[in-house]
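Novice: This is the content of my_file-v8.cif (mmCIF, C-alpha atoms):
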```cif
data_entry
loop_
_atom_site.label_atom_id
_atom_site.label_comp_id
_atom_site.auth_asym_id
_atom_site.auth_seq_id
_atom_site.Cartn_x
_atom_site.Cartn_y
_atom_site.Cartn_z
CA MET A 1 -112.66 10.16 7.51
CA GLU A 2 -113.80 13.35 5.78
CA THR A 3 -117.27 14.71 6.32
CA ALA A 4 -118.94 17.91 5.27
CA GLY A 5 -117.84 20.70 7.60
CA LEU A 6 -120.04 23.36 8.99
CA SER A 7 -120.71 26.02 6.38
CA PHE A 8 -122.53 29.25 6.04
CA SER A 9 -122.50 32.11 3.54
CA ARG A 10 -120.20 35.05 4.24
CA CYS A 11 -120.88 36.87 1.02
CA PHE A 12 -122.06 40.43 1.07
CA VAL A 13 -125.70 41.36 0.69
CA VAL A 14 -124.88 42.81 -2.72
CA MET A 15 -123.80 39.36 -3.89
CA ASN A 16 -127.11 37.94 -2.78
CA LEU A 17 -128.90 40.57 -4.87
CA LEU A 18 -126.68 39.87 -7.87
CA GLN A 19 -127.49 36.20 -7.49
CA MET A 20 -131.07 36.98 -8.53
CA THR A 21 -130.05 38.51 -11.87
CA ILE A 22 -126.67 36.94 -12.81
CA PRO A 23 -126.22 33.21 -13.34
CA SER A 24 -124.35 31.81 -10.33
CA SER A 25 -121.18 29.75 -10.38
CA GLU A 26 -121.29 26.04 -9.86
CA GLN A 27 -122.47 25.12 -6.39
CA PHE A 28 -120.11 23.28 -4.06
CA THR A 29 -119.51 22.37 -0.45
CA VAL A 30 -116.29 22.24 1.57
CA ASN A 31 -115.20 19.18 3.53
CA SER A 32 -112.51 18.91 6.22
CA LEU A 33 -111.46 16.52 8.95
CA GLU A 34 -114.12 16.05 11.60
CA ARG A 35 -111.70 15.06 14.40
CA PRO A 36 -109.17 17.50 15.87
CA VAL A 37 -105.63 17.44 14.53
CA LEU A 38 -102.98 16.99 17.23
CA ALA A 39 -99.93 19.24 17.02
CA ALA A 40 -96.83 18.97 19.19
CA LEU A 41 -95.49 22.22 20.58
CA GLY A 42 -92.68 23.49 18.34
CA GLY A 43 -93.57 21.09 15.53
CA LYS A 44 -95.71 21.47 12.43
CA VAL A 45 -99.35 20.79 11.64
CA GLU A 46 -101.22 20.43 8.35
CA LEU A 47 -104.91 21.21 7.86
CA SER A 48 -106.63 20.09 4.66
CA CYS A 49 -109.97 20.89 3.08
CA GLN A 50 -111.58 19.66 -0.15
CA LEU A 51 -114.24 20.93 -2.51
CA SER A 52 -117.16 18.63 -3.20
CA PRO A 53 -117.76 17.80 -5.99
CA PRO A 54 -114.06 17.97 -6.91
CA GLN A 55 -113.26 20.92 -9.16
CA SER A 56 -110.42 23.31 -9.79
CA ALA A 57 -109.98 26.08 -7.21
CA GLU A 58 -107.09 27.91 -8.91
CA HIS A 59 -109.31 30.84 -9.84
CA MET A 60 -111.08 30.98 -6.44
CA GLU A 61 -110.38 32.97 -3.33
CA ILE A 62 -109.14 30.68 -0.54
CA ARG A 63 -109.02 32.16 2.92
CA TRP A 64 -107.93 30.51 6.18
CA PHE A 65 -108.90 32.46 9.29
CA ARG A 66 -109.50 31.97 13.01
CA SER A 67 -112.35 33.92 14.60
CA HIS A 68 -112.27 37.04 12.40
CA TYR A 69 -112.94 36.83 8.67
CA THR A 70 -111.05 40.08 7.99
CA ARG A 71 -107.89 38.83 9.75
CA PRO A 72 -106.82 35.81 7.72
CA VAL A 73 -104.11 33.37 8.68
CA TYR A 74 -103.52 32.79 4.97
CA LEU A 75 -105.06 34.36 1.87
CA TYR A 76 -104.92 33.09 -1.72
CA LYS A 77 -106.68 35.26 -4.29
CA GLU A 78 -106.58 35.63 -8.06
CA GLY A 79 -103.89 32.98 -8.27
CA LYS A 80 -101.57 34.75 -5.84
CA ASP A 81 -100.58 34.41 -2.18
CA LEU A 82 -101.39 37.72 -0.50
CA TYR A 83 -99.16 38.00 2.57
CA GLY A 84 -99.86 41.69 3.12
CA GLU A 85 -103.38 41.04 4.43
CA THR A 86 -102.57 38.15 6.76
CA ILE A 87 -101.81 38.30 10.49
CA SER A 88 -98.13 39.17 10.85
CA LYS A 89 -97.24 36.32 13.25
CA TYR A 90 -98.38 33.77 10.63
CA VAL A 91 -96.61 35.24 7.58
CA GLU A 92 -93.34 33.34 8.01
CA ARG A 93 -94.88 30.28 9.65
CA THR A 94 -97.57 29.30 7.14
CA LYS A 95 -97.61 27.83 3.68
CA LEU A 96 -100.50 26.80 1.43
CA LEU A 97 -99.85 23.48 -0.30
CA LYS A 98 -101.52 23.66 -3.70
CA GLU A 99 -100.36 20.46 -5.42
CA ALA A 100 -103.98 19.21 -5.60
CA ILE A 101 -105.68 22.57 -6.11
CA GLY A 102 -106.83 21.36 -9.54
CA GLU A 103 -109.08 18.87 -7.71
CA GLY A 104 -110.18 21.46 -5.16
CA LYS A 105 -107.92 20.32 -2.31
CA VAL A 106 -105.57 22.63 -0.38
CA THR A 107 -103.54 22.15 2.78
CA LEU A 108 -102.46 24.81 5.25
CA ARG A 109 -99.12 24.02 6.87
CA ILE A 110 -98.23 25.81 10.13
CA LEU A 111 -94.63 25.65 11.34
CA ASN A 112 -93.17 26.13 14.82
CA VAL A 113 -96.52 25.48 16.51
CA SER A 114 -97.20 27.46 19.71
CA ALA A 115 -99.94 27.37 22.32
CA ASP A 116 -101.59 30.33 20.53
CA ASP A 117 -102.24 28.08 17.53
CA ASP A 118 -104.65 25.91 19.53
CA GLY A 119 -108.28 26.18 18.40
CA GLN A 120 -110.47 26.34 15.29
CA TYR A 121 -109.52 27.32 11.73
CA HIS A 122 -112.01 28.24 9.01
CA CYS A 123 -111.28 27.08 5.46
CA PHE A 124 -113.20 29.48 3.20
CA PHE A 125 -113.69 29.17 -0.57
CA LYS A 126 -115.26 31.86 -2.71
CA ASP A 127 -116.07 31.57 -6.41
CA GLY A 128 -117.87 34.60 -7.74
CA ASP A 129 -121.08 34.87 -5.75
CA VAL A 130 -120.78 31.39 -4.21
CA CYS A 131 -118.91 30.97 -0.95
CA GLU A 132 -118.70 28.07 1.49
CA GLU A 133 -116.46 27.06 4.39
CA ALA A 134 -115.48 24.19 6.66
CA ILE A 135 -113.95 24.23 10.12
CA ALA A 136 -110.88 22.32 11.24
CA GLU A 137 -109.60 22.14 14.81
CA VAL A 138 -106.03 22.01 16.12
CA LYS A 139 -105.16 20.58 19.54
CA VAL A 140 -101.72 21.75 20.62
CA THR A 141 -100.02 19.47 23.14
CA ALA A 142 -96.93 19.84 25.32
CA THR A 143 -95.72 17.42 27.98
CA SER A 144 -92.93 18.20 30.42
CA LEU A 145 -90.41 15.50 31.27
CA GLU A 146 -89.16 17.38 34.32
CA ILE A 147 -90.98 16.89 37.62
CA GLN A 148 -89.47 18.15 40.87
CA ILE A 149 -90.46 16.99 44.34
CA LEU A 150 -89.32 19.26 47.16
CA ILE A 151 -89.30 18.20 50.80
CA HIS A 152 -89.38 21.04 53.31
CA PRO A 153 -87.86 20.70 56.80
CA PRO A 154 -90.32 18.93 59.13
CA ASN A 155 -92.15 21.00 61.72
CA THR A 156 -94.91 20.60 64.28
CA LYS A 157 -97.54 20.63 61.53
CA GLY A 158 -95.94 17.71 59.73
CA LEU A 159 -93.83 17.20 56.62
CA LEU A 160 -94.61 19.50 53.68
CA VAL A 161 -93.96 17.94 50.25
CA GLU A 162 -94.30 19.92 47.00
CA CYS A 163 -94.48 18.75 43.41
CA ASN A 164 -93.61 21.21 40.63
CA SER A 165 -93.65 20.80 36.86
CA GLU A 166 -93.47 23.40 34.09
CA GLY A 167 -94.21 23.52 30.37
CA TRP A 168 -97.55 21.70 29.97
CA PHE A 169 -100.35 22.33 27.47
CA PRO A 170 -103.24 22.13 27.91
CA GLN A 171 -103.56 22.15 31.70
CA PRO A 172 -102.71 18.63 32.89
CA GLN A 173 -104.45 16.48 35.47
CA MET A 174 -102.35 16.35 38.64
CA GLU A 175 -102.65 14.12 41.70
CA TRP A 176 -100.83 12.39 44.54
CA ARG A 177 -100.92 8.60 44.90
CA ASP A 178 -99.64 6.30 47.63
CA SER A 179 -97.71 3.03 47.31
CA ARG A 180 -100.99 1.17 46.61
CA GLY A 181 -101.94 3.51 43.79
CA GLU A 182 -104.74 5.17 45.75
CA ILE A 183 -105.30 8.90 45.34
CA ILE A 184 -104.24 11.13 48.24
CA PRO A 185 -106.17 14.45 48.45
CA PRO A 186 -103.65 17.31 48.10
CA SER A 187 -103.33 20.02 50.73
CA SER A 188 -103.23 22.62 47.95
CA LYS A 189 -103.04 22.81 44.17
CA SER A 190 -102.34 25.79 41.92
CA HIS A 191 -101.20 26.68 38.41
CA SER A 192 -99.95 29.62 36.41
CA GLN A 193 -99.20 30.36 32.77
CA ASP A 194 -95.99 31.81 31.39
CA ARG A 195 -95.70 34.26 28.50
CA ASN A 196 -95.94 31.34 26.06
CA LYS A 197 -99.23 30.27 27.71
CA LEU A 198 -97.71 27.02 28.97
CA PHE A 199 -98.99 25.75 32.30
CA ASN A 200 -96.75 25.61 35.36
CA MET A 201 -98.23 23.25 37.94
CA LYS A 202 -97.73 23.15 41.71
CA MET A 203 -99.23 20.76 44.25
CA SER A 204 -98.44 20.31 47.94
CA LEU A 205 -99.15 17.64 50.52
CA LEU A 206 -98.86 17.94 54.31
CA LEU A 207 -98.03 14.55 55.82
CA ARG A 208 -98.44 13.72 59.51
CA ASP A 209 -96.65 10.36 59.36
CA SER A 210 -95.14 7.81 57.00
CA SER A 211 -98.27 5.62 56.76
CA HIS A 212 -98.62 6.28 53.01
CA GLY A 213 -95.30 4.60 52.26
CA ASN A 214 -93.93 5.83 48.94
CA ILE A 215 -95.80 8.77 47.42
CA THR A 216 -95.92 9.58 43.72
CA CYS A 217 -96.75 12.80 41.89
CA TYR A 218 -98.70 12.03 38.70
CA LEU A 219 -99.32 14.40 35.78
CA ARG A 220 -101.39 13.46 32.74
CA ASN A 221 -101.98 15.31 29.49
CA PRO A 222 -105.77 15.20 28.93
CA VAL A 223 -105.43 15.28 25.12
CA THR A 224 -102.75 12.66 24.47
CA GLY A 225 -103.15 10.67 27.69
CA GLN A 226 -99.39 10.75 28.23
CA GLU A 227 -98.38 10.39 31.89
CA GLU A 228 -95.30 11.53 33.76
CA ARG A 229 -94.49 10.76 37.39
CA ALA A 230 -91.94 11.18 40.15
CA SER A 231 -91.79 9.31 43.48
CA ILE A 232 -90.15 9.66 46.89
CA VAL A 233 -89.68 7.18 49.71
CA LEU A 234 -91.02 8.28 53.11
CA SER A 235 -88.87 7.28 56.07
CA ASP A 236 -89.75 7.50 59.76
CA LYS A 237 -86.66 9.70 60.12
CA LEU A 238 -88.54 12.43 58.26
CA PHE A 239 -91.08 12.62 61.09
CA PRO A 240 -88.98 13.27 64.24
CA TRP A 241 -91.18 15.87 65.84
CA ASP A 242 -93.52 13.52 67.68
CA SER A 243 -90.66 11.99 69.64
CA VAL A 244 -88.92 15.37 70.03
CA TRP A 245 -91.96 17.00 71.59
CA ILE A 246 -92.51 14.04 73.90
CA LEU A 247 -88.90 14.29 75.09
CA ILE A 248 -89.26 18.03 75.66
CA LEU A 249 -92.47 17.57 77.65
CA VAL A 250 -90.91 14.79 79.75
CA ALA A 251 -87.87 17.00 80.43
CA ILE A 252 -90.07 19.92 81.49
CA LEU A 253 -92.15 17.71 83.75
CA ALA A 254 -88.97 16.25 85.31
CA VAL A 255 -87.56 19.73 85.98
CA LEU A 256 -90.82 20.88 87.55
CA LEU A 257 -91.08 17.80 89.73
CA PHE A 258 -87.47 18.07 90.89
CA PHE A 259 -87.36 21.80 91.65
CA ILE A 260 -90.90 22.00 93.09
CA MET A 261 -91.52 18.65 94.72
CA MET A 262 -88.11 18.41 96.41
CA PRO A 263 -88.62 21.60 98.48
CA SER A 264 -92.23 20.63 99.18
CA VAL A 265 -91.24 17.18 100.46
CA GLU A 266 -88.49 18.66 102.59
CA LEU A 267 -90.92 21.19 104.05
CA GLN A 268 -93.48 18.43 104.54
CA GLN A 269 -91.03 16.51 106.67
CA ARG A 270 -90.14 19.57 108.73
CA GLU A 271 -93.78 20.41 109.38
CA GLN A 272 -94.57 16.79 110.07
CA ARG A 273 -97.89 17.07 108.27
CA ARG A 274 -99.85 14.30 106.67
CA CYS A 275 -99.90 14.27 102.87
CA CYS A 276 -103.69 14.24 102.82
CA ASP A 277 -103.95 17.61 104.60
CA TRP A 278 -105.27 20.23 102.18
CA ASN A 279 -102.58 22.68 103.26
CA SER A 280 -99.70 20.20 103.13
CA PRO A 281 -96.62 21.25 101.10
CA CYS A 282 -96.81 18.07 98.98
CA LEU A 283 -100.37 18.76 97.83
CA ILE A 284 -99.50 22.39 97.14
CA GLY A 285 -96.43 21.31 95.15
CA ILE A 286 -98.51 18.86 93.11
CA GLY A 287 -101.09 21.61 92.50
CA ILE A 288 -98.38 24.00 91.30
CA VAL A 289 -96.96 21.39 88.89
CA PHE A 290 -100.44 20.48 87.59
CA SER A 291 -101.41 24.15 87.12
CA SER A 292 -98.16 24.89 85.31
CA VAL A 293 -98.65 21.95 82.92
CA CYS A 294 -102.24 23.06 82.21
CA VAL A 295 -101.16 26.65 81.49
CA ILE A 296 -98.33 25.49 79.20
CA THR A 297 -100.70 23.16 77.31
CA GLY A 298 -103.36 25.88 76.95
CA LEU A 299 -100.87 28.45 75.65
CA THR A 300 -99.43 25.92 73.18
CA ILE A 301 -102.86 25.05 71.80
CA THR A 302 -103.76 28.75 71.53
CA LEU A 303 -100.56 29.58 69.65
CA HIS A 304 -101.00 26.80 67.10
CA HIS A 305 -104.73 27.41 66.72
CA ARG A 306 -103.94 30.93 65.56
CA ASN A 307 -101.96 29.62 62.60
CA ARG A 308 -104.47 30.37 59.84
CA VAL A 309 -101.90 30.42 57.02
CA PRO A 310 -102.89 27.85 54.36
CA VAL A 311 -100.39 25.28 53.14
CA SER A 312 -100.36 26.89 49.68
CA ASP A 313 -99.10 30.20 51.13
CA ARG A 314 -95.37 30.84 50.82
CA LYS A 315 -95.34 32.00 54.44
CA PHE A 316 -96.57 28.65 55.74
CA GLN A 317 -93.11 27.24 56.44
CA PHE A 318 -91.91 30.48 58.04
CA VAL A 319 -94.99 30.77 60.27
CA SER A 320 -94.67 27.14 61.36
CA MET A 321 -91.04 27.61 62.37
CA TYR A 322 -91.94 30.85 64.16
CA LEU A 323 -94.63 29.06 66.16
CA GLU A 324 -92.17 26.32 67.11
CA ASP A 325 -89.73 28.90 68.47
CA MET A 326 -92.50 30.74 70.29
CA THR A 327 -93.75 27.49 71.81
CA VAL A 328 -90.33 26.60 73.22
CA MET A 329 -89.89 30.14 74.55
CA VAL A 330 -93.29 30.02 76.28
CA TRP A 331 -92.46 26.67 77.85
CA VAL A 332 -89.11 27.85 79.18
CA LEU A 333 -90.65 31.07 80.48
CA MET A 334 -93.48 29.26 82.24
CA VAL A 335 -91.07 26.77 83.84
CA PHE A 336 -88.90 29.62 85.07
CA ILE A 337 -91.86 31.58 86.47
CA THR A 338 -93.30 28.46 88.12
CA MET A 339 -89.96 27.57 89.70
CA LEU A 340 -89.49 31.14 90.92
CA ILE A 341 -92.97 31.32 92.46
CA SER A 342 -92.67 27.93 94.14
CA LEU A 343 -89.18 28.74 95.46
CA VAL A 344 -90.34 32.03 96.99
CA TYR A 345 -93.47 30.39 98.42
CA PHE A 346 -91.72 27.46 100.11
CA ARG A 347 -88.84 29.62 101.39
CA LEU A 348 -91.23 32.11 102.95
CA ARG A 349 -93.41 29.35 104.38
CA GLY A 350 -90.34 27.62 105.84
CA PHE A 351 -89.05 30.92 107.22
CA PHE A 352 -92.28 31.68 109.07
CA GLN A 353 -92.41 28.11 110.42
CA ILE A 354 -89.03 28.54 112.16
#
```
For this file, write the structure as structure tokens.
Specialist:
Amino acid sequence: METAGLSFSRCFVVMNLLQMTIPSSEQFTVNSLERPVLAALGGKVELSCQLSPPQSAEHMEIRWFRSHYTRPVYLYKEGKDLYGETISKYVERTKLLKEAIGEGKVTLRILNVSADDDGQYHCFFKDGDVCEEAIAEVKVTATSLEIQILIHPPNTKGLLVECNSEGWFPQPQMEWRDSRGEIIPPSSKSHSQDRNKLFNMKMSLLLRDSSHGNITCYLRNPVTGQEERASIVLSDKLFPWDSVWILILVAILAVLLFFIMMPSVELQQREQRRCCDWNSPCLIGIGIVFSSVCVITGLTITLHHRNRVPVSDRKFQFVSMYLEDMTVMVWVLMVFITMLISLVYFRLRGFFQI
């Protein structure tokens, strides 16, 4: 449906003065489409405007421009197409269709549409001292069919999943959803624009377990409503660290109990003390094991609490792996020191008891 576009006079002050003394040309208004015109990236788009009442515009100046009047996208004047005054990037990509110019209708055709072509276009008519314009709007759209989901190696923080997609315009809506279609808040979300002003999207999700079932990365073009998606199936095998850490802790506790409690029990029997005595080797051995476990737990919590790197940071995976290695090294070191201290203590205590 065509309605009267926004218009205002862009004539010079001199023309306004001449208007008082010289009979003016026939008055008119300019109409154009009220709704935006959708244009696919790389395709073509046509913008039309019409004089009202209908009349010939062959003798008029017709100027299409964006935000600056003096930098036209297309200029028709005195019956000629003037390419020398137009913006260079539009010279070979634009054409003015003048089949209906006798009725006051012209159409601007833009070829090889790019993201830069998104926005408003002014259709300006000038006949002597009368000038009017209408505004048309172009909505450039681009939807990527390629969505990549990357799964990083699991670590103590969980399983890091990333969704990447390039070549969108305008910026799409992006979200994670579970197997029930419910939205999962992302751990991080970011975007960038390439030299063609297309949006490259990135979203990450840090999962602690497989409770979400299948997860899907959704992207939606806000102009066309077109959706693209990619899904992955979460398996319990992707979350091995809980069981791994439990096994490591059990192994450490078993080593401590064997190498500390065995000498303490042997010394207990030699000293013929009761287990409830505060100075009995068994109680001291239990105290050493308990203290060692507390120190190991405290150091582990401290190490992981210091990890302030956000999930969106490229160093996140490296820092997580570094902390895992440091944690294992601390555990081994503490077990060795505890075993060495307890061995020296019980040997010396047994030696002086002889």
Novice: For Val161 (chain A), which residue among A:Thr216, A:Ser56, A:Thr224, A:Ser32 is the nearest when counting all atoms listed in the file?
Specialist: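 Closest candidate: A:Thr216.
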Novice: Taking the file above as input, evaluate the PyMOL selection byres ((chain A and resi 110) around 6) and report the hits as a ChimeraX atom specification.
Specialist: /A:44-45,93-94,109,111
Novice: Of the candidates A:Phe199, A:Phe65, A:Tyr218, A:Phe28, which one gets nearest to Gln173 (chain A) if we count only C-alpha atoms?
Specialist: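 Nearest to Gln173 (chain A): A:Tyr218.
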Novice: Hey, can you check how far CA of Ser235 (chain A) sits from CA of Asn200 (chain A)?
Specialist: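 The value is 28.8 Å.
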Novice: Expand the PyMOL selection byres ((chain A and resi 83) around 12) into the individual residues it matches in the shown file, reporting them as a list of chain:residue names.
Specialist: A:Arg63, A:Arg71, A:Pro72, A:Val73, A:Tyr74, A:Leu75, A:Tyr76, A:Lys77, A:Lys80, A:Asp81, A:Leu82, A:Gly84, A:Glu85, A:Thr86, A:Ile87, A:Ser88, A:Lys89, A:Tyr90, A:Val91, A:Glu92, A:Arg93, A:Thr94, A:Lys95, A:Leu96
Novice: Run the PyMOL selection byres ((chain A and resi 41) around 7) against the file shown and list the residues it catches, as a PyMOL selection string.
Specialist: chain A and resi 39-40+42-43+113-114+140-142
Novice: Counting only C-alpha atoms, which of A:Ile183, A:Leu343, A:Met201, A:Val250 gets nearest to Met262 (chain A)?
Specialist: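 Checking each candidate against Met262 (chain A), we get A:Leu343 as the closest.
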Novice: Would you mind telling me which residue in A:Cys163, A:Cys123, A:Cys49, A:Leu257 lies nearest to Ile215 (chain A) when using all atoms listed in the file?
Specialist: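 That would be A:Cys163, the residue with the smallest distance to Ile215 (chain A).
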Novice: Give me, please, the distance in Å between CA of Ala230 (chain A) and CA of His191 (chain A), quoted to one decimal.
Specialist: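 Separation between CA of Ala230 (chain A) and CA of His191 (chain A): 18.1 Å.
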Novice: Tell me, in Å to one decimal, how far CA of Ile147 (chain A) is from CA of Pro222 (chain A).
Specialist: 17.2 Å
Novice: Rank nothing, just name the residue among A:Leu323, A:Val335, A:Gly287, A:Ser204 nearest to Leu253 (chain A), using all atoms listed in the file.
Specialist: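 Checking each candidate against Leu253 (chain A), we get A:Val335 as the closest.
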